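*Asks:* My questions will all concern the structure given below.
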Amino acid sequence: MSAPDRPSGSEGVNRPRQDQALLAVAGLRVSYGRIEAVRGVDLEVGAGEFVGLIGSNGAGKTSLMRAISGVLKPAAGQVRFDGAETTGLASHRMVARGLAMVPEGRMVFADQSVRDNLLLGSFTQLRRDPAGAVAEQDRVLALFPRLRERLDQEAGTLSGGEQQMLAIARGLLSRPRLLVIDELSLGLAPLVLDMLFPVLSELNRQGLSILLVEQMASYALAVTHRTYVMENGRVLFDGPSAELANDPRVMDAYLGRRAS
Amino acid sequence: MEAIIQYLLTGLSVGSVYAMVGLGFYVMWSAAKAVNFNFGDIFMLGAVLAVVLLDLGAPLLLAAPAAVLAAAMVAAAIERGFVRPFNREANAIGWMLTTIAVGTMLESATTALFSSNPRALPSPLAEHPIRLGGAGIYPQELLLPVALVAVAFGLEFFYRRTLTGRAMRAVAYNRVAAGLVGIDADRITLLAFFIAGLLGALAGLLIGPVIQASSTMGAVIGLKGFLVAIIAGIANARGVLVCGVLYGVAEKFIEGYLSTAARDAIGFTLMVLLLLLFPQGLFGKAEFKKV
Amino acid sequence: MSASDRPSGSGGVNRPHLLSSSRIALALFVLAIALFPWTGDFIDARFPTSYELRLVMRAMLLGIVVVGLNILVGFAGLVSLGQAALVGLGAHAAALLALRADMPFLACMAFAVALPAAMGAMLAFPTVRVRPLYLTVITIAFGLVFLNILREWVSLTGGASGLTGIPRPTILGERLMATRAASFNYYYVIALCLLLALWVQWALARSRYGRAMRAAAESENAARALGISVVGIRTLAFAISAGLAGLGGGLFANLALFVNYETFTFNSSIELLVMTILGGSGTLAGPVVGTAVLYAAGQVLQELQEWQTFAYGLLLVLVLFLMPEGIVGSLGKLAARLGRRGAVERQTGAWPNFLPGFTALASEGEERGQATLITRDLTLRFGGLTAVSSVTMEVASGTVHALIGPNGAGKSSLLNIVSGFYAATAGQVTLFGEALGHRAPHELARRGVARSFQNTELFGRMTVLENVLVGCHTRYRAGFFATLLRLPHFAREERAMLAEARLLLEVVGLTDFAEEAARNLPFGHQRRLEIARALALRPKLLLLDEPAAGLTHGEIEDLVALIRGLADRGMTIILVEHHVEMIMAVSDRVTVLDHGEVIADGAPAEVQANPAVIEAYFGHGAPAKVAA
Amino acid sequence: MGRRVRDCGRRAGLGGLLALAAIFSALSPAKAQRAEPCIGASWEVTGPLANQGLMLRIAVETALEKINAAGGVLGRPLRLVVYDDVGEPARAVDNARRIGERDNCVVMFGGARTPNAIALREPLEEMGMPWIGPISAGTTVIEHQNGRNQWMFRVSMKDRWVTGYLVDQAKQRSASGRIAFVYEGTAWGQGALPDVEAAARRAGVTLAGRETFNIGDQDMSAQMIRLRDAGVDTIILWAVDRESANMVRSMDRIGWKPKIVSAWGVTTAFARAIGPLADGIMVAGTFNWNGQLSPEAQAAFDAMKAKYPDRIRSTADLEQPSAMANAWDAVHIIVEALKLAGAYDRTKLRDAMFRVNYTGLVADYRPAFIRDNQERMDAVLAEHYKLQAFHNGMLLPIEATPYGMRN
């Protein structure tokens with residue numbers, strides 16, 4: 001693997017102190033019936049930080065994200081967002097508080113136009129600040145010019161990459177402080193990924209905190225400041241992404257090898 | 001010829017009732033993947049409450065919208081109290097029984113309080129029919145297809161042009177994703193039942209002057225509306241509309257040329273056969289079963 | 001729903017003692033029914049009068065119908081809202097044959113059962129394949145059509161006035177009546193039929209048919225993968241349920257000696273369904289309890305005059321809120337919770353534990369070196385998306401063939417084609433040397449293809465042992481009636497299967513959990529169970545879809561040992577996995593998919609070094625420069 | 001685990017037994033061989049025809065109150081117990097058994113539905129309990145196929161006679177002689193069809209049309225168009241309020257207004273629902289409260305008004321005018337019979353019924369019933385029938401309306 005071209009600036013690299021953390025997850029557990037998918041995870045994202053979460057399929061990443069964003073109620077543990085306890089809060093309330101998630105599989109509203117999808121992205125903003133919402137639409141469309149070309153197309157007819165752009169755009173339109181992206185690369189061609197990752201870095205540079213869940217370790221390690229490595233419902237270790245990129249433990253954990 | 005005109009006209013009117021009730025089922029189903037099984041009672045309340053309000057001295061122009069609104073609120077309350085708690089798991093059927101039970105309560109309470117007698121729901125449009133040769137129709141009945149078209153356009157506008165309507169479609173398409181853009185799916189579902197209630201109660205209110213208001217007026221219509229919606233493929237509004245109207249017209253022609261007594265036997269058999277031929281409904285899309 | 005009082009497949013072991021509590025309860029129940037008409041002799045009073053006798057007889061009749069509905073709702077997970085019409089069909093068949101054809105009672109009853117059963121099968125077969133909800137819709141329509149016909153076919157049914165003058169039934173010249181003079185013989189005929197219905201329910205519950213019904217209700221996919229024809233088993237369930245409805249109807253006609261359509265309305269269908277749910281659907285005692293309680297409630301509520309229907313609805317709502325699993329279900333759950341306090345610790349066995357007996361069970365694999373599976377240009381498109389694109393591969397028998405690739409590469413889709421769940425858009429599959437068009441999953445399962453699912457699809461409410469027994473489904477030879485009658489050869493077979501299922505549990509180390517509901521197992525154990533269940537099919541080809549996902553290191557190591565052990569015993573295995581390490585350890589050959597296409601194929605080591613594979617998996621190194 | 005499962009099974013099983021035991025213990029055994037001073041009733045209390053039951057109840061309760069105030073019968077007060085049969089025969093039999101065995105009543109009343117009465121034949125015979133129908137009119141209710149009706153009496157109309165009466169009326173009123181029969185698809189309607197055909201034959205009338213409809217039907221345009229096109233000018237109608245109203249609407253729609261002579265299913269509620277369209281429709285009945293009332297009838301009305309001030313404000317609120325008068329008379333016939341029997345004993349009561357001579361609201365019953373003459377288990381004879389007509393929303397004696405050509 002070639003050396004990743006890392007974004008400059010290291011303010012986010014250092015682990016933020018607890019009271020500064022935008023998102024702080026402590027001892028989180030998620031179960032489906034008796035099956036425990038997440039077995040006690042601590043995780044933090046500081047304001048302005050770009051954090052990665054990697055691990056093999058089935059490691060519990062998606063369950064963790066769903067619990068953080070309010071899609072699932074955790075069985076135990078605590079989620080604090082922006083200084084307030086938000087454990088078990090429904091997802092629409094999390095959005096209102098400034099945490100948006102781009103879900104695994106994108107979940108665009110396939111039967112509605114791109115424009116309507118974007119409008120729904122602004123759902124919370126349109127009531128609060130209609131003018132701001134419109135401005136935000138322009139700003140987001142500037143990030144994804146492809147979408148502007150397809151505003152009146154049904155979202156279901158977009159290509160996978162375009163759908164992912166739409167999903168991200170939709171997430172951004174709620175003007176979140178933290179954007180959680182679950183499996184960005186899923187089913188996408190490398191060419192598309194080459195377009196998407198830089199946008200994320202740019203957003204982060206503009207001040208958006210991002211928590212990126214990614215299977216493709218190399219991508220995640222290349223763009224994020226800090227990365228958590230998850231396996232079997234637990235966080236094995238975390239550290240600055242630049243260091244982890246060369247850490248053999250990552251490859252091991254990722255490939256299901258024994259940590260030696 | 002006169003007869004054919006007559007069947008078309010009355011068929012259009014009764015078909016509009018089926019279509020409106022069917023659309024109510026459509027609205028509920030798309031938002032919740034569950035319905036108020038005794039939706040006919042909301043239909044009944046639309047007419048009965050109007051009569052009650054008129055009894056209390058309200059003018060018609062106040063009583064009519066108030067009755068529809070009140071019935072729709074009952075419909076929404078049923079969602080909150082009897083559908084939502086029993087529709088938590090996929091493929092749950094608890095809601096079927098609870099809504100049947102609450103429907104029984106509504107109907108029997110109406111019988112006990114309102115009496116089992118049919119009551120007139122006076123309307124200036126149901127006094128003098130418009131005659132077309134030997135055929136005829138009350139203006140009130142012509143109001144139904146008009147209302148249906150208005151409702152259809154209204155729904156279309158709501159679903160496609162308003163934010164809340166788009167949110168409702170989003171909830172119908174994917175509740176999780178809807179939540180992730182900040183939509184409170186539960187509230188939208190409640191609203192959907194309210195809107196369905198408006199449709200059902202409006203149909204009852206509009207046909208009430210022609211068929212009288214009574215506590216049991218909704219039972220068969222509710223069932224037919226449900227079957228029509230299923231035959232159409234319940235997830236397609238236009239299909240429900242078309243099927244509803246067609247079924248109404250078909251009934252009249254069956255009555256006219258086959259049999260009045262066996263109308264339902266013939267009609268339902270036709271429906272069953274159609275369902276067997278088009279398992280996804282006439283206008284439904286084949287759904288992809290994920291493994 | 002709780003596992004309590006649910007039909008338990010524990011057949012062989014822990015066989016209830018002669019004096020087990022459920023047998024005592026049953027004996028008391030039978031005794032109470034048997035002695036009831038004579039109560040007056042014991043307490044020296046005029047009791048029961050013909051009123052109470054009639055109530056009990058009507059309740060028993062309804063009980064028979066509700067037992068049938070319980071088989072449909074509680075076992076097969078389907079809902080009928082036209083059951084009363086099937087009762088009516090039975091009643092009218094019995095009445096008409098007696099009136100117009102002078103048929104003897106027993107012959108009439110045979111038709112009263114057979115006609116509705118056939119009608120049930122006719123209604124169910126085309127509908128249950130689509131959506132379970134459709135059966136509900138069709139039954140509603142059937143009920144309405146049936147009533148309409150009864151009312152209008154005046155020359156046959158007497159129209160709305162109904163059929164009067166039905167001759168009193170006789171058996172061997174004995175007139176059947178519920179009077180003291182006749183020793184209450186008709187009462188006992190009904191009681192006997194109720195017991196018969198309960199027997200059918202019990203025998204079904206503890207047979208492959210009942211297990212298959214419940215399996216299909218819990219996970220249609222898993223049931224199909226285990227060789228169960230979901231359409232067939234659902235049709236059977238509805239036919240049985242309709243037959244019992246007809247039995248109740250026939251008995252009713254001969255009790256009332258008058259039938260007309262008004263007894264068999266949509267509202268009665270709802271009432272029957274409510275009785276089923278109220279008692280606790282899926283439980284064995286539920287139908288009796290639900291029927292008794294609701295029927296009695298109807299009598300008591302008469303006091304409320306015009307508000308009685310309202311109170312009836314209210315009662316229903318209350319029960320549904322307070323006892324969502326019905327009376328028996330909820331009481332059973334409560335009892336289970338109380339009983340759980342003294343639960344014993346269960347030991348998880350080590351696995352794989354290839355016991356001596358197991359070798360004999362492992363299917364006679366094909367000759368080594370043959371191609372078990374060949375796919376040619378297999379393509380699968382959903383709308384615009386191509387999930388599998390022209391895949392050609394060959395799986396040699398007795399090998400472990402891994403299928404890897406990043407998320408969304410089309411691995412699971414390929415597996416779903418091979419196991420029959422998806423029909424390929426183009427291309428050809430050759431299995432065990434035979435070129436096959438699209439075959440349904442259950443047909444492929446019968447040919448020896450078994451699979452596991454990415455998200456374990458266990459039958460959660462069934463016990464661990466029952467789950468494995470469902471896996472044995474295709475290998476039973478005893479027919480339906482032999483099973484219902486529990487003939488010796490059925491019993492022998494059931495014992496053999498039971499022994500085999502237990503052996504398989506031993507192999508995966510779950511012996512101690514045999515009676516636990518599957519959904520209560522820890523995750524790792526669920527995976528083991530799913531594999532044991534697939535092995536019960538004695539497959540020649542085993543498809544494992546991400547069996548290691550969510551397992552711990554130790555568990556994965558055991559899994560590797562199992563897979564190797566199975567392959568060594570001649571089984572062919574296709575493995576879809578993400579854990580590259582595991583793949584390397586276990587596979588003989590690896591095919592790598594990306595975006596639906598084969599990008600590499602070969603021995604593990606070769607594939608591992610293939611740059612295309614590395615790129616597909618880990619990304620191609622650095623992303624392009626961030627746009628400034 | 002297995003152990004526990006079975007324990008639960010036992011608990012559940014015991015639960016079932018307890019439930020059964022509870023039912024039985026709730027039913028106190030009827031000990032007395034002699035009957036109790038009560039009149040049982042099984043009619044509709046809920047459902048679409050609940051109002052019928054309510055009206056009957058008003059009449060019977062009021063009559064009983066007056067009788068009890070005057071010292072009761074044989075020194076004991078008579079009471080009424082009412083059970084709902086929701087129009088279902090099997091429920092009616094349940095109720096009859098309950099009335100006869102648990103309540104041990106001396107006699108029972110039935111409701112309007114013909115099948116319910118038919119279903120009761122055998123249980124009544126078995127229990128030996130007299131039954132009186134104040135509202136059912138189906139011929140077969142009283143005239144059993146085997147000709148051996150012993151226990152079922154009626155103080156009501158009989159379709160066989162009503163049809164003759166109405167066919168005569170229709171024949172006299174029809175200008176073209178083209179008369180049609182329209183009936184509801186129930187046992188009452190279907191049962192009247194052969195009677196109407198027989199009556200038409202007797203009267204030398206060929207029916208120009210036979211049309212039927214289902215309960216709950218809201219539009220009868222198809223039937224009306226067919227009849228109109230067949231040149232029909234007079235309709236004999238067998239229907240109840242709601243469907244009649246819908247039929248009249250269908251006629252109005254196509255601009256066709258034939259004469260209608262109807263059986264008594266159409267009542268005050270019909271006129272209230274349909275307004276002026278009801279005017280001119282004629283109904284056969286046994287009694288009319290809106291005409292000149294005898295002192296007894298006036299007293300009966302005053303008593304009902306006093307007892308049910310919320311329901312009964314004017315004579316127009318007696319929504320089943322004929323049936324209420326029938327029920328009133330039926331109660332008094334029972335009282336007379338009980339006095340003749342001298343005991344609360346069903347067989348004695350039944351035998352005494354044939355000896356009753358009583359002057360009631362509807363008729364002078366002399367005698368009320370004739371033994372071994374099934375046809376005369378009906379107390380109200382065709383000569384007692386009165387034609388009535390709707391005029392200005394009221395159901396009036398035909399003489400009080402502009403429609404009376406005869407009577």
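Ordering of the structure tokens sets the chain letters (A, B, ...); residue numbers start at 1 within each chain; ligands are numbered from 1 in the order shown.
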Among region 108-207 of chain A, which residues carry a DSSP assignment of helix (DSSP H, G or I), reported as a ChimeraX atom specification?
*Replies:* /A:114-121,123-128,130-143,145-149,155-157,160-172,190-205
*Asks:* What lies within 9 Å of Val590 (chain C) using only C-alpha atoms, ignoring chain neighbours under 4 positions off, as a list in words?
*Replies:* Val400, His401, Ala402, Leu403, Ile404, Ile583, Met584, Ala600, Asp601, Gly602, Ala603, Pro604 and Val607 of chain C
*Asks:* Just need the residues of chain B within 6 Å of chain A, counting only C-alpha atoms, so spit them out as a list in words.
*Replies:*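 Residues passing the distance filter: Ala177, Gly179, Leu180, Val181, Gly182, Ile183 and Asp184 of chain B.
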*Asks:* Atoms to include: C-alpha atoms. Write the selected residues as a short mmCIF file (atom, residue, chain, number, x, y, z; two decimals), in the first residue's frame.
*Replies:*
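That gives us part-v6.cif:
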```
data_model
loop_
_atom_site.label_atom_id
_atom_site.label_comp_id
_atom_site.auth_asym_id
_atom_site.auth_seq_id
_atom_site.Cartn_x
_atom_site.Cartn_y
_atom_site.Cartn_z
CA ALA B 177 -34.36 6.47 6.65
CA GLY B 179 -36.16 8.99 11.01
CA LEU B 180 -32.61 9.72 9.90
CA VAL B 181 -33.64 12.87 8.10
CA GLY B 182 -35.49 14.06 11.17
CA ILE B 183 -39.01 12.84 10.44
CA ASP B 184 -40.99 11.57 13.40
#
```
*Asks:* Residues at most 8 Å from Ala514 (chain C), counting only C-alpha atoms, excluding those fewer than 4 positions away in the same chain, as a PyMOL selection string?
*Replies:* chain C and resi 463-465+502+505+510
*Asks:* For chain C against chain D, which residues fall within 7 Å using only C-alpha atoms, given as a PDB file with N, CA and C atoms, in the first residue's frame?
*Replies:*
```pdb
ATOM      1  N   SER C   4     -43.766 -22.141  26.819  1.00  0.00           N
ATOM      2  CA  SER C   4     -44.514 -22.988  27.726  1.00  0.00           C
ATOM      3  C   SER C   4     -45.767 -23.521  27.062  1.00  0.00           C
ATOM      4  N   ASP C   5     -46.077 -24.696  27.378  1.00  0.00           N
ATOM      5  CA  ASP C   5     -47.272 -25.349  26.880  1.00  0.00           C
ATOM      6  C   ASP C   5     -47.336 -25.355  25.363  1.00  0.00           C
ATOM      7  N   SER C  21     -48.071 -34.158  35.213  1.00  0.00           N
ATOM      8  CA  SER C  21     -49.123 -33.200  35.541  1.00  0.00           C
ATOM      9  C   SER C  21     -50.035 -32.914  34.356  1.00  0.00           C
ATOM     10  N   SER C  22     -49.454 -32.844  33.119  1.00  0.00           N
ATOM     11  CA  SER C  22     -50.324 -32.541  31.991  1.00  0.00           C
ATOM     12  C   SER C  22     -51.290 -33.694  31.751  1.00  0.00           C
ATOM     13  N   ALA C  25     -54.019 -33.345  34.239  1.00  0.00           N
ATOM     14  CA  ALA C  25     -54.939 -32.279  33.843  1.00  0.00           C
ATOM     15  C   ALA C  25     -55.872 -32.781  32.751  1.00  0.00           C
ATOM     16  N   LEU C  26     -55.289 -33.468  31.776  1.00  0.00           N
ATOM     17  CA  LEU C  26     -56.096 -33.978  30.667  1.00  0.00           C
ATOM     18  C   LEU C  26     -57.125 -34.978  31.191  1.00  0.00           C
ATOM     19  N   PHE C  29     -59.872 -33.256  32.870  1.00  0.00           N
ATOM     20  CA  PHE C  29     -60.708 -32.604  31.877  1.00  0.00           C
ATOM     21  C   PHE C  29     -61.673 -33.619  31.258  1.00  0.00           C
ATOM     22  N   ALA C  45     -79.662 -32.495  42.466  1.00  0.00           N
ATOM     23  CA  ALA C  45     -80.364 -31.306  42.014  1.00  0.00           C
ATOM     24  C   ALA C  45     -80.633 -31.478  40.534  1.00  0.00           C
ATOM     25  N   ARG C  46     -81.503 -30.642  40.015  1.00  0.00           N
ATOM     26  CA  ARG C  46     -81.811 -30.729  38.607  1.00  0.00           C
ATOM     27  C   ARG C  46     -80.721 -29.982  37.856  1.00  0.00           C
ATOM     28  N   PHE C  47     -79.618 -30.609  37.690  1.00  0.00           N
ATOM     29  CA  PHE C  47     -78.493 -29.987  37.015  1.00  0.00           C
ATOM     30  C   PHE C  47     -77.673 -31.064  36.345  1.00  0.00           C
ATOM     31  N   THR C  49     -79.403 -28.734  33.433  1.00  0.00           N
ATOM     32  CA  THR C  49     -80.627 -28.734  32.646  1.00  0.00           C
ATOM     33  C   THR C  49     -80.222 -28.782  31.181  1.00  0.00           C
ATOM     34  N   SER C  50     -81.219 -28.855  30.330  1.00  0.00           N
ATOM     35  CA  SER C  50     -80.887 -28.928  28.904  1.00  0.00           C
ATOM     36  C   SER C  50     -80.174 -27.646  28.474  1.00  0.00           C
ATOM     37  N   TYR C  51     -80.383 -26.559  29.230  1.00  0.00           N
ATOM     38  CA  TYR C  51     -79.689 -25.314  28.908  1.00  0.00           C
ATOM     39  C   TYR C  51     -78.185 -25.470  29.111  1.00  0.00           C
ATOM     40  N   ALA C 160     -83.119 -18.306   2.901  1.00  0.00           N
ATOM     41  CA  ALA C 160     -82.928 -17.724   4.225  1.00  0.00           C
ATOM     42  C   ALA C 160     -83.668 -18.520   5.290  1.00  0.00           C
ATOM     43  N   SER C 161     -84.744 -19.210   4.891  1.00  0.00           N
ATOM     44  CA  SER C 161     -85.500 -19.982   5.883  1.00  0.00           C
ATOM     45  C   SER C 161     -84.758 -21.230   6.327  1.00  0.00           C
ATOM     46  N   PHE C 258     -81.583 -27.957  12.455  1.00  0.00           N
ATOM     47  CA  PHE C 258     -82.040 -26.841  11.631  1.00  0.00           C
ATOM     48  C   PHE C 258     -80.805 -26.001  11.316  1.00  0.00           C
ATOM     49  N   GLU C 262     -77.622 -17.734   8.765  1.00  0.00           N
ATOM     50  CA  GLU C 262     -77.321 -16.695   9.747  1.00  0.00           C
ATOM     51  C   GLU C 262     -76.342 -17.114  10.836  1.00  0.00           C
ATOM     52  N   THR C 263     -76.133 -18.425  10.965  1.00  0.00           N
ATOM     53  CA  THR C 263     -75.216 -18.885  12.007  1.00  0.00           C
ATOM     54  C   THR C 263     -73.754 -18.759  11.554  1.00  0.00           C
ATOM     55  N   ALA C 285     -53.751 -26.139  24.977  1.00  0.00           N
ATOM     56  CA  ALA C 285     -54.969 -26.016  25.782  1.00  0.00           C
ATOM     57  C   ALA C 285     -55.732 -24.754  25.438  1.00  0.00           C
ATOM     58  N   VAL C 288     -59.462 -24.744  23.948  1.00  0.00           N
ATOM     59  CA  VAL C 288     -60.513 -25.140  24.885  1.00  0.00           C
ATOM     60  C   VAL C 288     -60.801 -24.006  25.856  1.00  0.00           C
ATOM     61  N   VAL C 289     -59.736 -23.426  26.385  1.00  0.00           N
ATOM     62  CA  VAL C 289     -59.914 -22.359  27.369  1.00  0.00           C
ATOM     63  C   VAL C 289     -60.564 -21.136  26.725  1.00  0.00           C
ATOM     64  N   ALA C 292     -64.245 -21.753  25.924  1.00  0.00           N
ATOM     65  CA  ALA C 292     -65.072 -21.817  27.134  1.00  0.00           C
ATOM     66  C   ALA C 292     -65.268 -20.423  27.711  1.00  0.00           C
ATOM     67  N   VAL C 293     -64.199 -19.673  27.813  1.00  0.00           N
ATOM     68  CA  VAL C 293     -64.287 -18.356  28.452  1.00  0.00           C
ATOM     69  C   VAL C 293     -65.166 -17.417  27.628  1.00  0.00           C
ATOM     70  N   ALA C 296     -68.841 -18.486  27.514  1.00  0.00           N
ATOM     71  CA  ALA C 296     -69.483 -18.183  28.791  1.00  0.00           C
ATOM     72  C   ALA C 296     -69.690 -16.682  28.935  1.00  0.00           C
ATOM     73  N   GLN C 302     -75.186 -11.046  28.627  1.00  0.00           N
ATOM     74  CA  GLN C 302     -76.590 -10.825  28.279  1.00  0.00           C
ATOM     75  C   GLN C 302     -77.237  -9.843  29.255  1.00  0.00           C
ATOM     76  N   GLN C 305     -77.831  -6.132  28.351  1.00  0.00           N
ATOM     77  CA  GLN C 305     -78.803  -5.731  27.335  1.00  0.00           C
ATOM     78  C   GLN C 305     -78.150  -5.026  26.141  1.00  0.00           C
ATOM     79  N   GLU C 306     -78.585  -3.800  25.817  1.00  0.00           N
ATOM     80  CA  GLU C 306     -78.122  -3.203  24.562  1.00  0.00           C
ATOM     81  C   GLU C 306     -76.630  -2.867  24.595  1.00  0.00           C
ATOM     82  N   VAL C 328     -53.802 -18.878  28.106  1.00  0.00           N
ATOM     83  CA  VAL C 328     -52.863 -19.974  28.385  1.00  0.00           C
ATOM     84  C   VAL C 328     -51.429 -19.515  28.142  1.00  0.00           C
ATOM     85  N   LEU C 331     -50.406 -17.131  31.028  1.00  0.00           N
ATOM     86  CA  LEU C 331     -50.230 -17.860  32.289  1.00  0.00           C
ATOM     87  C   LEU C 331     -48.978 -18.729  32.223  1.00  0.00           C
ATOM     88  N   GLY C 332     -48.798 -19.349  31.060  1.00  0.00           N
ATOM     89  CA  GLY C 332     -47.633 -20.214  30.892  1.00  0.00           C
ATOM     90  C   GLY C 332     -46.342 -19.427  31.043  1.00  0.00           C
ATOM     91  N   ALA C 335     -45.791 -18.673  34.629  1.00  0.00           N
ATOM     92  CA  ALA C 335     -45.321 -19.874  35.326  1.00  0.00           C
ATOM     93  C   ALA C 335     -43.861 -20.138  34.984  1.00  0.00           C
ATOM     94  N   ALA C 336     -43.524 -19.915  33.695  1.00  0.00           N
ATOM     95  CA  ALA C 336     -42.144 -20.160  33.288  1.00  0.00           C
ATOM     96  C   ALA C 336     -41.209 -19.210  34.024  1.00  0.00           C
ATOM     97  N   GLY C 339     -40.805 -20.416  37.418  1.00  0.00           N
ATOM     98  CA  GLY C 339     -40.041 -21.652  37.452  1.00  0.00           C
ATOM     99  C   GLY C 339     -38.574 -21.446  37.142  1.00  0.00           C
ATOM    100  N   GLU C 515     -33.907 -28.433  25.061  1.00  0.00           N
ATOM    101  CA  GLU C 515     -35.287 -28.007  25.287  1.00  0.00           C
ATOM    102  C   GLU C 515     -35.430 -26.497  25.373  1.00  0.00           C
ATOM    103  N   GLU C 516     -34.336 -25.785  25.164  1.00  0.00           N
ATOM    104  CA  GLU C 516     -34.390 -24.324  25.231  1.00  0.00           C
ATOM    105  C   GLU C 516     -34.965 -23.777  23.930  1.00  0.00           C
TER     106      GLU C 516
END
```
*Asks:* Please provide as a list in words all residues within 7 Å of Ser13 (chain B), with the sequence filter that same-chain residues fewer than 4 positions apart are discarded (counting only C-alpha atoms).
*Replies:*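 Within the cut-off, the hits are Leu9, Val17, Glu141, Leu142, Leu144 and Pro145 of chain B.
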*Asks:* Near Arg119 (chain B), counting only C-alpha atoms, which residues have an atom at most 8 Å away, once you skip same-chain residues fewer than 5 positions from it, shown as a list in words?
*Replies:*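 So the residues in contact are Val51, Gln212, Ala213 and Ser214 of chain B; Ala269, Arg272 and Ala273 of chain D.
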*Asks:* Just how far from CA of Phe109 (chain D) is CA of Glu125 (chain D), in Å to one decimal?
*Replies:*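 Calculated distance between CA of Glu125 (chain D) and CA of Phe109 (chain D) is 14.9 Å.
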*Asks:* From the list B:Gly239, B:Gly256, B:Gly218, B:Gly22, which residue is nearest chain D when using only C-alpha atoms?
*Replies:*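 Selected residue with least distance to chain D: B:Gly256.
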*Asks:* May I ask you to extract the residues of chain B within 6 Å of chain D, using only C-alpha atoms, and to give them as a ChimeraX atom specification?
*Replies:* /B:116,118-120,129,134-137,211,255-256,261
